[in-house]
Amino acid sequence: MPSRRVFLKNSALAMFGIGVVPGWLSRAVYAQETPGTRKKVLVAIFQRGAVDGLNVVIPHGEQAYYALRPSIAIPRPNGSGTGAIDLDGYFGLHPALASLKPLWTARQLAIVEAVGSPDPTRSHFDAQDYMESGTPGIRTTSVGWLNRALCAEPDASPVRAVSLTPDLPLSLRGPNAAVAVGSIGDFQIRDTHAASAFEAMYGSSPDRVMNGTARETFEAMRVMQSIEHMPDAPKDVSYPKGRLGQSLRQIARMIKADVGLEVAFTDVGGWDTHVNETGPEPHTGQLANLLRDLGDSLAALSRDLGDRMEDVTVVTMSEFGRTAKENGNRGTDHGHANVMFVLGGNVRGRHIFGHWPGLEREQLYEGRDLNVTTDFRTVLSELVGKQTGNREIARVFPGFRPQPPLGILV
């Protein structure tokens, strides 16, 4: 297996020719040879559809939870694989998230409870836009928080910001260059003659914006093609076959290739569980299947990256939570506060952050939902500051008054 340093030097020559290696790639080679200079990476996973956080991290120590959910509540820890996996005597993981327990024990995984947006909307579309733009309640924001999180950097890597989605999400839209790729292998023009013709045509354009965009795009294509020649995940690491698992597998390849990746994004849908959230038993069904895929994907990413997880922080988010009380269809409706996972080598793991407000009727938001006690921007602000080095939080999250960090990262 070739070392990353050898790969970078060889790929620099193969991609750009002797004497014209771009500055960002030279810096990447230098980083491999100089301890302490590797780039940190922030990975965001959006769970679209509003995941039911109360059945993801179960407050099994609270009787009100079981009173509100007589048929879909996850049983208290019972050691049988059907009950919650105890974390601290009060909270537990859904049994389908068993693959995350070792990461919790190894202090790589932290949880933020009762977190969400201060905006009360129950519209999926508005709430997702507010979270991706980082400006709750403002519909006109066209730049995403993850794009603003990038520090200005001349001669930056063309793949410093990548979304493993068919289209560029709002989170990454903005003035800093970002690319959306369905997969690494598909991000190319397979006809080499056509590719050369397009590159020459756009590269010679007098339009500076078109010229610059074309140069960045073709440079990104070369990088993606070179990554394909790097070793994939070790044989003992098995990612789930679904879109999330395969997206994280490709993000891991970019991280290991050291091509300048700084922020990455992917998403997974299906979390809108109005009907039959669980199967015949609470630990089975739609939610359980989605959570198993999520947990196994995150666990595979951690095993794949190994010690590179010291440079990586992964955060999960969803537009809002779901009602504390189950509905008449063995499901839950649109709610308010939710739960976030934070995974990484620099995470203060085995810890649950945030203030738990309780599930008694007088403690619920509008008498029906878990109350938001931590603004999602408080969590993301800390991750941005630590992972991207951007300390201008007021610019990353306009209108947000930065709060004291929770201490999620060391």
# chains A, B, ... in the order shown; residues from 1 in each chain; ligands from 1
>>> select_by_dssp(residues="range 221-407 of chain A", states="strand (DSSP E or B)", output="MDAnalysis selection string")
chainID A and resid 263:268 312:317 322 334 338:344 347 351:353 365 369 374:375
>>> residues_around(residues="Ala300 in chain A", least_positions_apart="2", cutoff="12 Å", atoms="only C-alpha atoms", output="number ranges by chain")
A: 99-100, 102-103, 233-241, 244-252, 292-298, 302-306, 309
>>> write_last_selection(atoms="C-alpha atoms", output="PDB file, in the first residue's frame")
ATOM      1  CA  SER A  99     -22.662  -0.317  16.997  1.00  0.00           C
ATOM      2  CA  LEU A 100     -22.301   3.144  18.563  1.00  0.00           C
ATOM      3  CA  PRO A 102     -18.206   1.014  21.675  1.00  0.00           C
ATOM      4  CA  LEU A 103     -17.601   4.572  20.410  1.00  0.00           C
ATOM      5  CA  ALA A 233     -11.563   0.850   3.114  1.00  0.00           C
ATOM      6  CA  PRO A 234      -9.673  -2.053   4.738  1.00  0.00           C
ATOM      7  CA  LYS A 235     -11.219  -5.480   4.202  1.00  0.00           C
ATOM      8  CA  ASP A 236     -12.313  -5.673   7.834  1.00  0.00           C
ATOM      9  CA  VAL A 237     -14.389  -2.483   7.488  1.00  0.00           C
ATOM     10  CA  SER A 238     -17.843  -2.954   6.024  1.00  0.00           C
ATOM     11  CA  TYR A 239     -19.967   0.088   5.240  1.00  0.00           C
ATOM     12  CA  PRO A 240     -23.740  -0.376   4.843  1.00  0.00           C
ATOM     13  CA  LYS A 241     -24.805  -0.553   1.196  1.00  0.00           C
ATOM     14  CA  LEU A 244     -25.383   7.156   3.753  1.00  0.00           C
ATOM     15  CA  GLY A 245     -22.853   4.386   4.250  1.00  0.00           C
ATOM     16  CA  GLN A 246     -21.464   4.771   0.747  1.00  0.00           C
ATOM     17  CA  SER A 247     -21.292   8.560   1.109  1.00  0.00           C
ATOM     18  CA  LEU A 248     -19.274   8.245   4.315  1.00  0.00           C
ATOM     19  CA  ARG A 249     -17.017   5.663   2.669  1.00  0.00           C
ATOM     20  CA  GLN A 250     -16.175   8.185  -0.044  1.00  0.00           C
ATOM     21  CA  ILE A 251     -15.673  10.997   2.444  1.00  0.00           C
ATOM     22  CA  ALA A 252     -13.218   8.733   4.262  1.00  0.00           C
ATOM     23  CA  ARG A 292     -29.171   0.706  12.307  1.00  0.00           C
ATOM     24  CA  ASP A 293     -27.944   2.125   9.003  1.00  0.00           C
ATOM     25  CA  LEU A 294     -26.870   5.359  10.714  1.00  0.00           C
ATOM     26  CA  GLY A 295     -25.054   3.651  13.567  1.00  0.00           C
ATOM     27  CA  ASP A 296     -23.312   1.089  11.384  1.00  0.00           C
ATOM     28  CA  SER A 297     -22.250   3.825   8.935  1.00  0.00           C
ATOM     29  CA  LEU A 298     -20.721   5.987  11.666  1.00  0.00           C
ATOM     30  CA  SER A 302     -14.466   5.521  12.639  1.00  0.00           C
ATOM     31  CA  ARG A 303     -12.844   2.122  12.005  1.00  0.00           C
ATOM     32  CA  ASP A 304     -11.876   3.084   8.458  1.00  0.00           C
ATOM     33  CA  LEU A 305     -10.161   6.327   9.480  1.00  0.00           C
ATOM     34  CA  GLY A 306      -8.423   4.902  12.533  1.00  0.00           C
ATOM     35  CA  MET A 309     -10.329  10.448  13.487  1.00  0.00           C
TER      36      MET A 309
END
>>> closest_residue(among="A:Thr105, A:Asn327, A:Ile58, A:Ile111", to="Gly89 in chain A", atoms="only C-alpha atoms")
A:Ile58
>>> residues_around(residues="Gly385 in chain A", least_positions_apart="2", cutoff="12 Å", atoms="only C-alpha atoms", output="PyMOL selection string")
chain A and resi 40-42+146+148-151+313+377-383+387-397+402+405+407-410
>>> write_last_selection(atoms="C-alpha atoms", output="PDB file, in the first residue's frame")
ATOM      1  CA  LYS A  40      -8.982  19.236  10.370  1.00  0.00           C
ATOM      2  CA  VAL A  41     -12.242  18.124   8.788  1.00  0.00           C
ATOM      3  CA  LEU A  42     -15.838  18.858   9.777  1.00  0.00           C
ATOM      4  CA  LEU A 146     -20.977  25.522   6.238  1.00  0.00           C
ATOM      5  CA  ARG A 148     -19.463  30.742   5.665  1.00  0.00           C
ATOM      6  CA  ALA A 149     -17.488  28.558   8.052  1.00  0.00           C
ATOM      7  CA  LEU A 150     -14.647  28.301   5.531  1.00  0.00           C
ATOM      8  CA  CYS A 151     -11.872  30.798   6.111  1.00  0.00           C
ATOM      9  CA  THR A 313     -15.479  15.754  13.801  1.00  0.00           C
ATOM     10  CA  ARG A 377     -25.964  27.210  16.558  1.00  0.00           C
ATOM     11  CA  THR A 378     -24.278  26.925  19.943  1.00  0.00           C
ATOM     12  CA  VAL A 379     -23.195  23.397  19.023  1.00  0.00           C
ATOM     13  CA  LEU A 380     -22.154  24.251  15.475  1.00  0.00           C
ATOM     14  CA  SER A 381     -20.299  27.396  16.588  1.00  0.00           C
ATOM     15  CA  GLU A 382     -18.018  25.354  18.804  1.00  0.00           C
ATOM     16  CA  LEU A 383     -17.349  22.819  16.064  1.00  0.00           C
ATOM     17  CA  GLN A 387     -12.345  22.431  13.225  1.00  0.00           C
ATOM     18  CA  THR A 388     -12.094  25.238  10.673  1.00  0.00           C
ATOM     19  CA  GLY A 389     -10.273  27.802  12.813  1.00  0.00           C
ATOM     20  CA  ASN A 390     -12.912  30.407  11.957  1.00  0.00           C
ATOM     21  CA  ARG A 391     -13.458  32.492  15.091  1.00  0.00           C
ATOM     22  CA  GLU A 392     -15.781  35.027  13.461  1.00  0.00           C
ATOM     23  CA  ILE A 393     -18.903  33.276  14.656  1.00  0.00           C
ATOM     24  CA  ALA A 394     -21.063  36.366  14.197  1.00  0.00           C
ATOM     25  CA  ARG A 395     -20.348  36.128  10.464  1.00  0.00           C
ATOM     26  CA  VAL A 396     -20.881  32.383  10.294  1.00  0.00           C
ATOM     27  CA  PHE A 397     -24.218  32.727  12.096  1.00  0.00           C
ATOM     28  CA  PRO A 402     -22.480  33.477  20.588  1.00  0.00           C
ATOM     29  CA  PRO A 405     -19.224  26.739  24.402  1.00  0.00           C
ATOM     30  CA  GLY A 407     -17.144  22.010  25.922  1.00  0.00           C
ATOM     31  CA  ILE A 408     -17.924  19.247  23.440  1.00  0.00           C
ATOM     32  CA  LEU A 409     -14.434  19.335  21.927  1.00  0.00           C
ATOM     33  CA  VAL A 410     -11.181  19.210  23.836  1.00  0.00           C
TER      34      VAL A 410
END
>>> select_by_dssp(residues="range 284-403 of chain A", states="alpha helix (DSSP H)", output="count of residues only")
36
>>> closest_residue(among="A:Ser157, A:Thr332, A:Thr284, A:Asn276", to="Val223 in chain A", atoms="only C-alpha atoms")
A:Ser157
>>> residues_around(residues="range 355-362 of chain A", least_positions_apart="3", cutoff="8 Å", atoms="only C-alpha atoms", output="PyMOL selection string")
chain A and resi 62+64-65+113-114+324+367-368+370-371+373-374
>>> closest_residue(among="A:His336, A:His124, A:Arg107, A:His283", to="Ile85 in chain A", atoms="only C-alpha atoms")
A:His283
>>> closest_residue(among="A:Pro398, A:Gly182, A:Thr316, A:Thr273", to="Gly137 in chain A", atoms="only C-alpha atoms")
A:Pro398
>>> residues_around(residues="Tyr90 in chain A", least_positions_apart="2", cutoff="8 Å", atoms="only C-alpha atoms", output="MDAnalysis selection string")
chainID A and resid 59:62 86:88 92
>>> residues_around(residues="Thr266 in chain A", least_positions_apart="3", cutoff="10 Å", atoms="only C-alpha atoms", output="VMD selection string")
chain A and resid 43 to 47 162 to 166 168 to 169 180 243 to 244 247 to 248 251 316
>>> write_last_selection(atoms="N, CA and C atoms", output="mmCIF file, in the first residue's frame")
data_model
loop_
_atom_site.group_PDB
_atom_site.id
_atom_site.type_symbol
_atom_site.label_atom_id
_atom_site.label_comp_id
_atom_site.auth_asym_id
_atom_site.auth_seq_id
_atom_site.Cartn_x
_atom_site.Cartn_y
_atom_site.Cartn_z
ATOM 1 N N VAL A 43 -17.505 17.173 9.285
ATOM 2 C CA VAL A 43 -18.474 16.441 8.463
ATOM 3 C C VAL A 43 -19.861 16.624 9.068
ATOM 4 N N ALA A 44 -20.813 17.101 8.258
ATOM 5 C CA ALA A 44 -22.188 17.312 8.712
ATOM 6 C C ALA A 44 -23.115 16.323 8.021
ATOM 7 N N ILE A 45 -23.958 15.670 8.803
ATOM 8 C CA ILE A 45 -24.954 14.729 8.274
ATOM 9 C C ILE A 45 -26.334 15.255 8.619
ATOM 10 N N PHE A 46 -27.149 15.504 7.600
ATOM 11 C CA PHE A 46 -28.499 16.022 7.824
ATOM 12 C C PHE A 46 -29.501 14.877 7.712
ATOM 13 N N GLN A 47 -30.268 14.669 8.783
ATOM 14 C CA GLN A 47 -31.320 13.651 8.801
ATOM 15 C C GLN A 47 -32.628 14.338 8.402
ATOM 16 N N VAL A 162 -17.021 19.612 0.018
ATOM 17 C CA VAL A 162 -17.652 18.617 -0.856
ATOM 18 C C VAL A 162 -18.948 18.120 -0.228
ATOM 19 N N SER A 163 -19.967 18.012 -1.065
ATOM 20 C CA SER A 163 -21.226 17.406 -0.635
ATOM 21 C C SER A 163 -21.438 16.116 -1.403
ATOM 22 N N LEU A 164 -21.660 15.034 -0.692
ATOM 23 C CA LEU A 164 -21.958 13.751 -1.334
ATOM 24 C C LEU A 164 -23.472 13.665 -1.537
ATOM 25 N N THR A 165 -23.954 14.522 -2.418
ATOM 26 C CA THR A 165 -25.372 14.595 -2.764
ATOM 27 C C THR A 165 -25.486 14.918 -4.251
ATOM 28 N N PRO A 166 -26.636 14.641 -4.865
ATOM 29 C CA PRO A 166 -26.783 14.947 -6.296
ATOM 30 C C PRO A 166 -26.664 16.436 -6.605
ATOM 31 N N LEU A 168 -25.937 20.588 -4.889
ATOM 32 C CA LEU A 168 -25.288 21.297 -3.794
ATOM 33 C C LEU A 168 -26.341 21.757 -2.790
ATOM 34 N N PRO A 169 -26.232 21.358 -1.529
ATOM 35 C CA PRO A 169 -27.226 21.750 -0.533
ATOM 36 C C PRO A 169 -27.041 23.206 -0.107
ATOM 37 N N ALA A 180 -20.638 19.344 -5.492
ATOM 38 C CA ALA A 180 -21.529 18.242 -5.135
ATOM 39 C C ALA A 180 -21.217 17.070 -6.051
ATOM 40 N N ARG A 243 -27.208 4.665 0.808
ATOM 41 C CA ARG A 243 -26.571 5.901 0.362
ATOM 42 C C ARG A 243 -25.711 6.546 1.444
ATOM 43 N N LEU A 244 -26.170 6.533 2.690
ATOM 44 C CA LEU A 244 -25.383 7.156 3.753
ATOM 45 C C LEU A 244 -24.058 6.449 3.947
ATOM 46 N N SER A 247 -21.761 7.169 1.082
ATOM 47 C CA SER A 247 -21.292 8.560 1.109
ATOM 48 C C SER A 247 -20.162 8.725 2.116
ATOM 49 N N LEU A 248 -20.325 8.140 3.300
ATOM 50 C CA LEU A 248 -19.274 8.245 4.315
ATOM 51 C C LEU A 248 -18.013 7.492 3.893
ATOM 52 N N ILE A 251 -16.251 9.903 1.656
ATOM 53 C CA ILE A 251 -15.673 10.997 2.444
ATOM 54 C C ILE A 251 -14.393 10.514 3.121
ATOM 55 N N THR A 316 -24.394 15.191 13.570
ATOM 56 C CA THR A 316 -25.681 14.885 12.960
ATOM 57 C C THR A 316 -26.696 15.929 13.378
#
>>> atom_distance(atom1="CA of Val315 in chain A", atom2="CA of Val143 in chain A")
19.7 Å
>>> atom_distance(atom1="CA of Val112 in chain A", atom2="CA of Phe353 in chain A")
4.6 Å
>>> closest_residue(among="A:Ile255, A:Val275, A:Met340, A:Leu364", to="Ile72 in chain A", atoms="only C-alpha atoms")
A:Val275
>>> atom_distance(atom1="CA of Lys325 in chain A", atom2="CA of Gly81 in chain A")
24.1 Å
